[in-house]
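Remarks on the structure that follows.
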Amino acid sequence: MTTSVQSNRSDTGVALRMTGISKSFGPVQALFDVSFTVRAGTVHALVGENGAGKSTLVKILAGVYQPDEGLIEIHQKPYTFDKPEQALTVGVSMIYQDLDLAEHLTVAENVFLGNEPAGILPFTVDYKAMVKRTAELAKSFNFDIDPTAVVSELPTGDCQVAAIIKALTRKASIIVMDEPTSSLSETEVARLFEVVRRLRIKGISVIYISHRLEEIIGLADDVTVLRDGKVVHSESVTKLDIAQIIRYMVGRELTEFFPARDVKPGDVRVSVNNLSSDRRIRDISFNIRSGEIVGMAGLVGAGRTEVARAIFGVDKKASGSIVLDNKELSINSPADAISNGIALLTEDRKRTGLCLGLACSWNVTIASLGLIGMKRIINPAKENKIAADVGAQLSIKWLSPQAPVDSLSGGNQQKLLIARWLLAKSKFMIFDEPTRGIDVGAKKEVYSLLNRLAEQGKAILFISSELGELFGITDRILVMRRGRLVGNLKTSETTQEEVMHLAAVETN
Amino acid sequence: MSKFARQLLPFGSLTLIICILSALKPDTFLTMENFMNVLRRSSVNGIIAIGMTSIIISAGIDLSVGSMLALSGMVGAYAMVTMGGSDPQGSALVVGTVLGGVVGIICGFLNGVLVTKLKLQPFIVTLGTMSVFRGISYVMNNGQPYNVPSYKYLGEGIVLGIPISVVIFAVIIAIAGFLLRYSRLGRYTYAIGSNRVAAFHAGVNVDRNLIYIYTFTGLLVGIASMIATSRTVSAQPTAGIALELDIIASVVIGGASLAGGRGTITGTIIGTLLISVLRNGCTLLGISTHVQLIVIGMIIILAVAVDQLARTKTREVQA
């Protein structure tokens, strides 16, 4: 019996074949001639660093983006999708990280959302049928879930099962799961794996995107590695080990993209001791010297941003201390942090960084009105001049300092936020993913800016998901995994493979 | 359409309405007396609208201003009557006036604290306090007004040929305009309204600034309330019912966005005058107050629709 299932799995045909897919967004080429084949009834892992093109590829499959070139075949039939609904009708379902469920509805209502069975009277819905069919589906796959439970009261793992059942009612034969385990506990992960295995037994193909490589080894049949928008390797998992996958993921050349660093780190400026917060970071300790750029690596959800938030006073500290220039600081809010000389360039420019409708100059000066002699009364002429000066220093391209900040490109918005912290005379600067979503030229400028700040003796913490840039610019790299600091390595004495291994692989 | 031209829009409409009315009723509309009358009527609403502008810029709302107006007036007049008997004079009037302002401050402060410390939506908080303040106003004298026959100065007094209430209005315009444009509090008001989370990350003490804004508005309501009390020489527990709607309308017609981050004192004053002139014109033309409601409602929708259209056009040009 087992053998017949096995042979069935390898012999059944191809569920999905994407051939020669290319896609660019403006000047940025996200995918080059990518070919990707998924066998029916298999779990196919899609791995790669952030920005490698995984999301773009699956969004093309789901009809969210249109490819510039290339062909999509599903069960040997070619398709072009203009809209996500079309992908659904031929059996492609996406399960996104945030799940897309209506929180206040029940599991059954979510499963049939937009697809409700009609009741006897016009404009009514047959709730009983919804609950019954949801229960039947759940039972046929051996999923344990209550169809009448309200989604917002369920643990994340159950919500995922609900999303999967929703996909199954739409006759999904290919299910894409994007980082499904990033917010799950260990037991929920084990349960999800069981669910995925049952899908496989029923002949459904699962495309599984994850950064957690040990999961992939344990769960997937095949793995495809993307790097810089190209497929670098595609093979059966049994023929690979974690080290090889990591090598395929990071094997990129370091070019002269990064500024030459010529800073001798001085004395310790910052020490963070035994920092813990309610948001899952535990016992974090590290030092940063003056002029030193310290990188922080880790997977999505490892707690890197939470470290920054705890230092900057956004989240409450449960315990621990922060010492800057031999003075222990008491920080309860960003205002405290700023007045003590700490800056945080947040990872989400639009949500936590900019006041989008307001003038550039206002956005630049907001954190330092007291410092530039405008404690009580603002002098707009002087303010404009100060903003124009710091803008020129960072070569920010704006029409004028009074232009609204949403008229700027992403790179220029990012530089504007850096200008904010230059003006605030920060001594310890935390940069959380400062190059995310900006073009190559702007990235290069951000790197040389970091270097210049280090030369001025500032202590810099540089959080990034791109190992390439961490290795290009930092003196040391801290590695986070699941809320803890698991590595503190000299950049010159480590390798991308070692960092990735520490970040992605459970050691105990 | 440029930013300047957009701000010109409400001003243009105001001018147009004035021209039409002047042509239709030159002998009654176009007189100094009528002009002062409109300004005097505008001053109470205008003073409150200035506070509301700051709240709306911060992405909040205050529905309780009408009830707050009644409560401040009732407490102020109660103090006058208690100190000075049935026809209070002199110091009793002064004490009552100050107390009215203080009640406004307390009410505004309460709104601010509830909004920030309990993290409730301003709409809900002020919907609740609207009812509470109104209830207290009724309970105070069993639904009856307090009469203060000699309390005439704020309502009828004149300095240099200009009604006192108009002078107070002008002074408040100057102070509020300055604060909003040139003070840190004003700057932070725009920042909080534009993106509260970002403002917090940039070191703005969001809670404290919001409490200031709501308290400031309370003070302005208190002042407006005493002017209104003086004009009718009595404090009515029914004063200011549905006033919040007129006030919010003035602010929105003046170009402020209920989504926050946008609005000016100048715009709000034009919005206030627009509604006052319209009401005045309708009355002069013999249009009933019932029909006036219809006209004003349509103007509000029209003003916001045109503003929004202009905004989309601008964005298309930029893109």
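FYI, nothing fancy with the structure tokens labels: chains A, B, ... in order, residues from 1 per chain, ligands from 1 as they appear.
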Worksheet item: Any idea what's packed within 12 Å of Ile72 in chain A, counting only C-alpha atoms, ignoring anything in its chain fewer than 6 positions away? Could you give it as a list in words?
Response: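 Result of the neighbour search: Val14, Ala15, Leu16, Arg17, Met18, Thr19, Gly20, Ile21, Ser22, Val34, Ser35, Phe36, Thr37, Val38, Leu57, Val58, Ile60, Leu61, Ala62, Gly63, Gln66, Pro78, Tyr79, Thr80, Phe81, Ala87, Val90 and Val92 of chain A.
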How about saving the chosen residues, N, CA, C and O atoms kept, as an mmCIF file, in the first residue's frame?
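What landed in selection29.cif:
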```cif
data_model
loop_
_atom_site.group_PDB
_atom_site.id
_atom_site.type_symbol
_atom_site.label_atom_id
_atom_site.label_comp_id
_atom_site.auth_asym_id
_atom_site.auth_seq_id
_atom_site.Cartn_x
_atom_site.Cartn_y
_atom_site.Cartn_z
ATOM 1 N N VAL A 14 2.681 16.318 -14.271
ATOM 2 C CA VAL A 14 3.103 17.620 -13.797
ATOM 3 C C VAL A 14 1.858 18.452 -13.500
ATOM 4 O O VAL A 14 0.959 18.546 -14.324
ATOM 5 N N ALA A 15 1.805 19.010 -12.284
ATOM 6 C CA ALA A 15 0.653 19.841 -11.929
ATOM 7 C C ALA A 15 0.825 21.239 -12.493
ATOM 8 O O ALA A 15 -0.118 21.845 -12.984
ATOM 9 N N LEU A 16 2.029 21.727 -12.415
ATOM 10 C CA LEU A 16 2.285 23.109 -12.815
ATOM 11 C C LEU A 16 3.615 23.191 -13.546
ATOM 12 O O LEU A 16 4.610 22.613 -13.099
ATOM 13 N N ARG A 17 3.606 23.873 -14.662
ATOM 14 C CA ARG A 17 4.875 24.154 -15.324
ATOM 15 C C ARG A 17 4.879 25.621 -15.717
ATOM 16 O O ARG A 17 4.032 26.076 -16.482
ATOM 17 N N MET A 18 5.843 26.363 -15.140
ATOM 18 C CA MET A 18 6.024 27.760 -15.547
ATOM 19 C C MET A 18 7.317 27.798 -16.345
ATOM 20 O O MET A 18 8.344 27.297 -15.888
ATOM 21 N N THR A 19 7.272 28.379 -17.533
ATOM 22 C CA THR A 19 8.443 28.341 -18.418
ATOM 23 C C THR A 19 8.846 29.748 -18.839
ATOM 24 O O THR A 19 7.996 30.510 -19.303
ATOM 25 N N GLY A 20 10.097 30.057 -18.685
ATOM 26 C CA GLY A 20 10.662 31.304 -19.202
ATOM 27 C C GLY A 20 9.999 32.562 -18.675
ATOM 28 O O GLY A 20 9.791 33.532 -19.389
ATOM 29 N N ILE A 21 9.661 32.549 -17.382
ATOM 30 C CA ILE A 21 8.962 33.702 -16.816
ATOM 31 C C ILE A 21 9.945 34.847 -16.531
ATOM 32 O O ILE A 21 10.946 34.672 -15.834
ATOM 33 N N SER A 22 9.652 36.019 -17.078
ATOM 34 C CA SER A 22 10.419 37.229 -16.753
ATOM 35 C C SER A 22 9.446 38.303 -16.302
ATOM 36 O O SER A 22 8.318 38.361 -16.772
ATOM 37 N N VAL A 34 12.633 32.506 -15.583
ATOM 38 C CA VAL A 34 12.506 31.489 -14.535
ATOM 39 C C VAL A 34 11.629 30.335 -15.039
ATOM 40 O O VAL A 34 10.546 30.567 -15.581
ATOM 41 N N SER A 35 12.117 29.126 -14.861
ATOM 42 C CA SER A 35 11.304 27.961 -15.159
ATOM 43 C C SER A 35 11.141 27.145 -13.887
ATOM 44 O O SER A 35 12.089 26.965 -13.135
ATOM 45 N N PHE A 36 9.904 26.680 -13.671
ATOM 46 C CA PHE A 36 9.566 26.128 -12.368
ATOM 47 C C PHE A 36 8.501 25.057 -12.587
ATOM 48 O O PHE A 36 7.450 25.333 -13.176
ATOM 49 N N THR A 37 8.797 23.844 -12.164
ATOM 50 C CA THR A 37 7.878 22.731 -12.411
ATOM 51 C C THR A 37 7.506 22.064 -11.097
ATOM 52 O O THR A 37 8.384 21.752 -10.290
ATOM 53 N N VAL A 38 6.217 21.864 -10.890
ATOM 54 C CA VAL A 38 5.755 21.201 -9.670
ATOM 55 C C VAL A 38 5.009 19.933 -10.064
ATOM 56 O O VAL A 38 4.077 19.973 -10.875
ATOM 57 N N LEU A 57 7.176 35.467 -8.093
ATOM 58 C CA LEU A 57 6.861 34.261 -8.862
ATOM 59 C C LEU A 57 5.481 33.710 -8.486
ATOM 60 O O LEU A 57 4.655 33.429 -9.353
ATOM 61 N N VAL A 58 5.216 33.580 -7.191
ATOM 62 C CA VAL A 58 3.926 32.997 -6.819
ATOM 63 C C VAL A 58 2.779 33.975 -7.071
ATOM 64 O O VAL A 58 1.667 33.559 -7.349
ATOM 65 N N ILE A 60 2.651 35.882 -9.657
ATOM 66 C CA ILE A 60 2.357 35.690 -11.079
ATOM 67 C C ILE A 60 1.479 34.449 -11.248
ATOM 68 O O ILE A 60 0.488 34.458 -11.978
ATOM 69 N N LEU A 61 1.811 33.398 -10.509
ATOM 70 C CA LEU A 61 1.017 32.174 -10.579
ATOM 71 C C LEU A 61 -0.425 32.441 -10.135
ATOM 72 O O LEU A 61 -1.375 31.896 -10.700
ATOM 73 N N ALA A 62 -0.579 33.310 -9.135
ATOM 74 C CA ALA A 62 -1.918 33.569 -8.592
ATOM 75 C C ALA A 62 -2.670 34.626 -9.390
ATOM 76 O O ALA A 62 -3.793 34.956 -9.060
ATOM 77 N N GLY A 63 -2.040 35.171 -10.422
ATOM 78 C CA GLY A 63 -2.723 36.161 -11.250
ATOM 79 C C GLY A 63 -2.691 37.567 -10.694
ATOM 80 O O GLY A 63 -3.366 38.442 -11.213
ATOM 81 N N GLN A 66 1.103 40.191 -13.896
ATOM 82 C CA GLN A 66 1.221 39.567 -15.206
ATOM 83 C C GLN A 66 2.699 39.481 -15.580
ATOM 84 O O GLN A 66 3.430 40.450 -15.424
ATOM 85 N N PRO A 78 -2.325 25.502 -21.097
ATOM 86 C CA PRO A 78 -1.755 26.843 -20.904
ATOM 87 C C PRO A 78 -2.808 27.842 -20.421
ATOM 88 O O PRO A 78 -3.974 27.743 -20.787
ATOM 89 N N TYR A 79 -2.369 28.750 -19.567
ATOM 90 C CA TYR A 79 -3.283 29.766 -19.040
ATOM 91 C C TYR A 79 -2.602 31.127 -19.003
ATOM 92 O O TYR A 79 -1.393 31.215 -18.824
ATOM 93 N N THR A 80 -3.401 32.170 -19.190
ATOM 94 C CA THR A 80 -2.930 33.506 -18.807
ATOM 95 C C THR A 80 -3.992 34.082 -17.887
ATOM 96 O O THR A 80 -5.176 34.025 -18.189
ATOM 97 N N PHE A 81 -3.531 34.574 -16.781
ATOM 98 C CA PHE A 81 -4.473 35.136 -15.810
ATOM 99 C C PHE A 81 -4.362 36.639 -15.794
ATOM 100 O O PHE A 81 -3.281 37.192 -15.683
ATOM 101 N N ALA A 87 -7.259 32.562 -11.576
ATOM 102 C CA ALA A 87 -6.373 31.524 -11.067
ATOM 103 C C ALA A 87 -7.154 30.586 -10.152
ATOM 104 O O ALA A 87 -6.993 29.366 -10.208
ATOM 105 N N VAL A 90 -9.118 27.736 -11.871
ATOM 106 C CA VAL A 90 -8.414 26.562 -12.382
ATOM 107 C C VAL A 90 -7.671 25.843 -11.267
ATOM 108 O O VAL A 90 -6.833 24.984 -11.530
ATOM 109 N N VAL A 92 -5.812 27.133 -8.460
ATOM 110 C CA VAL A 92 -4.630 27.666 -7.777
ATOM 111 C C VAL A 92 -5.097 28.530 -6.609
ATOM 112 O O VAL A 92 -5.838 29.486 -6.807
#
```
Contact residues (chain B, partner chain A, 10 Å, only C-alpha atoms) as a PDB file with C-alpha atoms, in the first residue's frame:
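result-v2.pdb, written as the output of this step:
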```pdb
ATOM      1  CA  PHE B 178      -0.174  81.847  15.445  1.00  0.00           C
ATOM      2  CA  LEU B 179      -0.124  78.732  17.628  1.00  0.00           C
ATOM      3  CA  ARG B 181       1.481  77.865  12.417  1.00  0.00           C
ATOM      4  CA  TYR B 182       4.411  78.758  14.612  1.00  0.00           C
ATOM      5  CA  SER B 183       4.264  76.719  17.809  1.00  0.00           C
ATOM      6  CA  ARG B 184       5.508  73.221  18.422  1.00  0.00           C
ATOM      7  CA  LEU B 185       2.053  72.256  19.652  1.00  0.00           C
ATOM      8  CA  GLY B 186       0.606  73.356  16.317  1.00  0.00           C
ATOM      9  CA  ARG B 187       3.214  71.483  14.349  1.00  0.00           C
ATOM     10  CA  TYR B 188       2.669  68.348  16.384  1.00  0.00           C
ATOM     11  CA  TYR B 190      -0.561  68.316  12.103  1.00  0.00           C
ATOM     12  CA  ALA B 191       1.948  65.490  12.608  1.00  0.00           C
ATOM     13  CA  ILE B 192      -0.376  63.515  14.902  1.00  0.00           C
ATOM     14  CA  GLY B 193      -3.250  63.922  12.461  1.00  0.00           C
ATOM     15  CA  SER B 194      -1.152  62.982   9.470  1.00  0.00           C
ATOM     16  CA  ASN B 195       0.365  59.850  11.025  1.00  0.00           C
ATOM     17  CA  ARG B 196       0.015  59.332  14.737  1.00  0.00           C
ATOM     18  CA  VAL B 197       2.349  56.322  14.881  1.00  0.00           C
ATOM     19  CA  ALA B 198       5.062  58.098  12.945  1.00  0.00           C
ATOM     20  CA  ALA B 199       4.730  61.171  15.165  1.00  0.00           C
ATOM     21  CA  PHE B 200       5.178  58.954  18.227  1.00  0.00           C
ATOM     22  CA  HIS B 201       8.300  57.388  16.699  1.00  0.00           C
ATOM     23  CA  ALA B 202       9.654  60.871  16.009  1.00  0.00           C
ATOM     24  CA  GLY B 203       9.486  61.701  19.721  1.00  0.00           C
ATOM     25  CA  VAL B 204       6.159  63.531  19.864  1.00  0.00           C
ATOM     26  CA  ASN B 205       4.345  63.060  23.158  1.00  0.00           C
ATOM     27  CA  GLY B 260      -6.529  64.535   9.783  1.00  0.00           C
ATOM     28  CA  GLY B 261      -3.321  66.378   8.926  1.00  0.00           C
ATOM     29  CA  ARG B 262      -5.009  69.110   6.921  1.00  0.00           C
ATOM     30  CA  ARG B 315      -2.834  64.014  -7.894  1.00  0.00           C
ATOM     31  CA  GLN B 318       1.494  64.951 -10.308  1.00  0.00           C
ATOM     32  CA  ALA B 319       1.415  61.277 -11.275  1.00  0.00           C
TER      33      ALA B 319
END
```
Item to complete: Pick out the residues sitting within 9 Å of range 158-169 of chain A, and hand them over as a PyMOL selection string; count only C-alpha atoms, and ignore anything fewer than 2 positions along from it in its own chain.
Response: chain A and resi 88+91-95+99-101+107-108+110-113+133-134+137-138+143-145+147+151-152+154-156+171-173+175+180+188+192+195
Can I get the selected residues back with C-alpha atoms, as a PDB file, in the first residue's frame?
```
ATOM      1  CA  LEU A  88      -8.861  30.354  -8.427  1.00  0.00           C
ATOM      2  CA  GLY A  91      -7.455  25.362  -8.918  1.00  0.00           C
ATOM      3  CA  VAL A  92      -4.630  27.666  -7.777  1.00  0.00           C
ATOM      4  CA  SER A  93      -5.078  28.972  -4.234  1.00  0.00           C
ATOM      5  CA  MET A  94      -2.775  31.259  -2.293  1.00  0.00           C
ATOM      6  CA  ILE A  95      -2.611  31.184   1.473  1.00  0.00           C
ATOM      7  CA  LEU A  99      -4.450  34.630   5.856  1.00  0.00           C
ATOM      8  CA  ASP A 100      -7.102  36.999   4.471  1.00  0.00           C
ATOM      9  CA  LEU A 101      -9.858  35.762   6.778  1.00  0.00           C
ATOM     10  CA  VAL A 107     -14.914  29.227  10.138  1.00  0.00           C
ATOM     11  CA  ALA A 108     -17.783  28.022   7.951  1.00  0.00           C
ATOM     12  CA  ASN A 110     -15.166  32.243   5.958  1.00  0.00           C
ATOM     13  CA  VAL A 111     -14.900  29.014   4.014  1.00  0.00           C
ATOM     14  CA  PHE A 112     -17.912  29.952   1.888  1.00  0.00           C
ATOM     15  CA  LEU A 113     -17.315  33.712   1.811  1.00  0.00           C
ATOM     16  CA  ARG A 133     -20.142  20.937   4.182  1.00  0.00           C
ATOM     17  CA  THR A 134     -17.274  22.515   6.092  1.00  0.00           C
ATOM     18  CA  LEU A 137     -14.478  18.555   4.127  1.00  0.00           C
ATOM     19  CA  ALA A 138     -12.586  18.834   7.392  1.00  0.00           C
ATOM     20  CA  PHE A 143      -8.653  18.119  10.098  1.00  0.00           C
ATOM     21  CA  ASP A 144      -9.849  18.810  13.599  1.00  0.00           C
ATOM     22  CA  ILE A 145     -11.716  22.105  13.567  1.00  0.00           C
ATOM     23  CA  PRO A 147     -16.927  25.053  11.766  1.00  0.00           C
ATOM     24  CA  VAL A 151     -12.003  33.044  13.601  1.00  0.00           C
ATOM     25  CA  SER A 152     -10.744  35.788  15.908  1.00  0.00           C
ATOM     26  CA  LEU A 154      -8.957  30.641  17.185  1.00  0.00           C
ATOM     27  CA  PRO A 155      -5.210  30.100  17.519  1.00  0.00           C
ATOM     28  CA  THR A 156      -3.220  30.950  14.377  1.00  0.00           C
ATOM     29  CA  LYS A 171     -11.363  22.690  -5.774  1.00  0.00           C
ATOM     30  CA  ALA A 172      -7.768  23.766  -5.331  1.00  0.00           C
ATOM     31  CA  SER A 173      -5.219  21.401  -6.828  1.00  0.00           C
ATOM     32  CA  ILE A 175      -1.971  25.485  -2.893  1.00  0.00           C
ATOM     33  CA  PRO A 180       3.055  29.530   7.042  1.00  0.00           C
ATOM     34  CA  GLU A 188       1.165  24.063  15.770  1.00  0.00           C
ATOM     35  CA  LEU A 192       0.463  22.017  10.071  1.00  0.00           C
ATOM     36  CA  VAL A 195      -2.165  18.817   7.384  1.00  0.00           C
TER      37      VAL A 195
END
```
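For range 146-161 of chain B, the set of protein, DNA and RNA residues having any atom at most 7 Å away, when counting only C-alpha atoms and skipping those fewer than 5 positions along the same chain, is Met74, Ala77, Tyr78, Asp87, Pro88, Gln89, Leu93, Ile227, Ala228, Ser230, Arg231, Val233, Ser234, Ala235 and Gln236 of chain B.
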Item to complete: May I have all residues of range 117-185 of chain B that DSSP, computed from the backbone, assigns to helix (DSSP H, G or I), given as a PyMOL selection string?
Response: chain B and resi 117+122-140+153-156+164-182+184-185
Worksheet entry | Test item: residues at most 12 Å from Gln244 in chain A, only C-alpha atoms, excluding those fewer than 2 positions along its chain, as JSON, numbers by chain | {"A": [213, 217, 223, 225, 232, 233, 234, 235, 237, 238, 239, 240, 241, 242, 246, 247, 248, 249, 250, 251, 497, 500, 501]}
Worksheet item: Using only C-alpha atoms, which of A:Gly53, A:Pro84, A:Pro67, A:Gly483 sits nearest Thr305 in chain A?
Response: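 Of all the options, A:Gly483 lies closest to Thr305 in chain A.
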Discussion item. I'd like the neighbourhood of Thr435 in chain A as JSON, numbers by chain, where a residue qualifies if any of its atoms comes within 8 Å (using only C-alpha atoms), though same-chain residues fewer than 5 positions away should be ignored.
Written reply: {"A": [442, 443, 446]}
Selected residues written out with N, CA and C atoms, as an mmCIF file, in the first residue's frame:
```cif
data_model
loop_
_atom_site.group_PDB
_atom_site.id
_atom_site.type_symbol
_atom_site.label_atom_id
_atom_site.label_comp_id
_atom_site.auth_asym_id
_atom_site.auth_seq_id
_atom_site.Cartn_x
_atom_site.Cartn_y
_atom_site.Cartn_z
ATOM 1 N N ALA A 442 20.152 54.246 -4.858
ATOM 2 C CA ALA A 442 19.868 54.798 -3.533
ATOM 3 C C ALA A 442 20.483 53.917 -2.446
ATOM 4 N N LYS A 443 20.483 52.607 -2.680
ATOM 5 C CA LYS A 443 21.113 51.698 -1.727
ATOM 6 C C LYS A 443 22.568 52.075 -1.525
ATOM 7 N N VAL A 446 22.959 54.983 0.606
ATOM 8 C CA VAL A 446 22.702 54.694 2.017
ATOM 9 C C VAL A 446 23.936 54.048 2.649
#
```
Item to complete: Would you mind listing what lies within 10 Å of Glu506 in chain A as a PyMOL selection string, with only C-alpha atoms counted and same-chain residues fewer than 5 positions away left out?
Response: chain A and resi 212-215+481-482+501
Discussion item. Using only C-alpha atoms, can you tell me which of A:Ile293, A:Val300, A:Ala424, A:Leu485 comes closest to Leu449 in chain A?
Written reply: A:Ile293
Practice prompt. Could you find all residues in range 62-194 of chain A that DSSP calls strand (DSSP E) from the backbone, and write them as number ranges by chain?
Written response: A: 69-74, 77-79, 92-95, 174-178
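Each of A:Ile477, A:Gly441, A:Ala129, A:Val150 was compared to Thr106 in chain A using only C-alpha atoms, and A:Val150 turns out to be the nearest.
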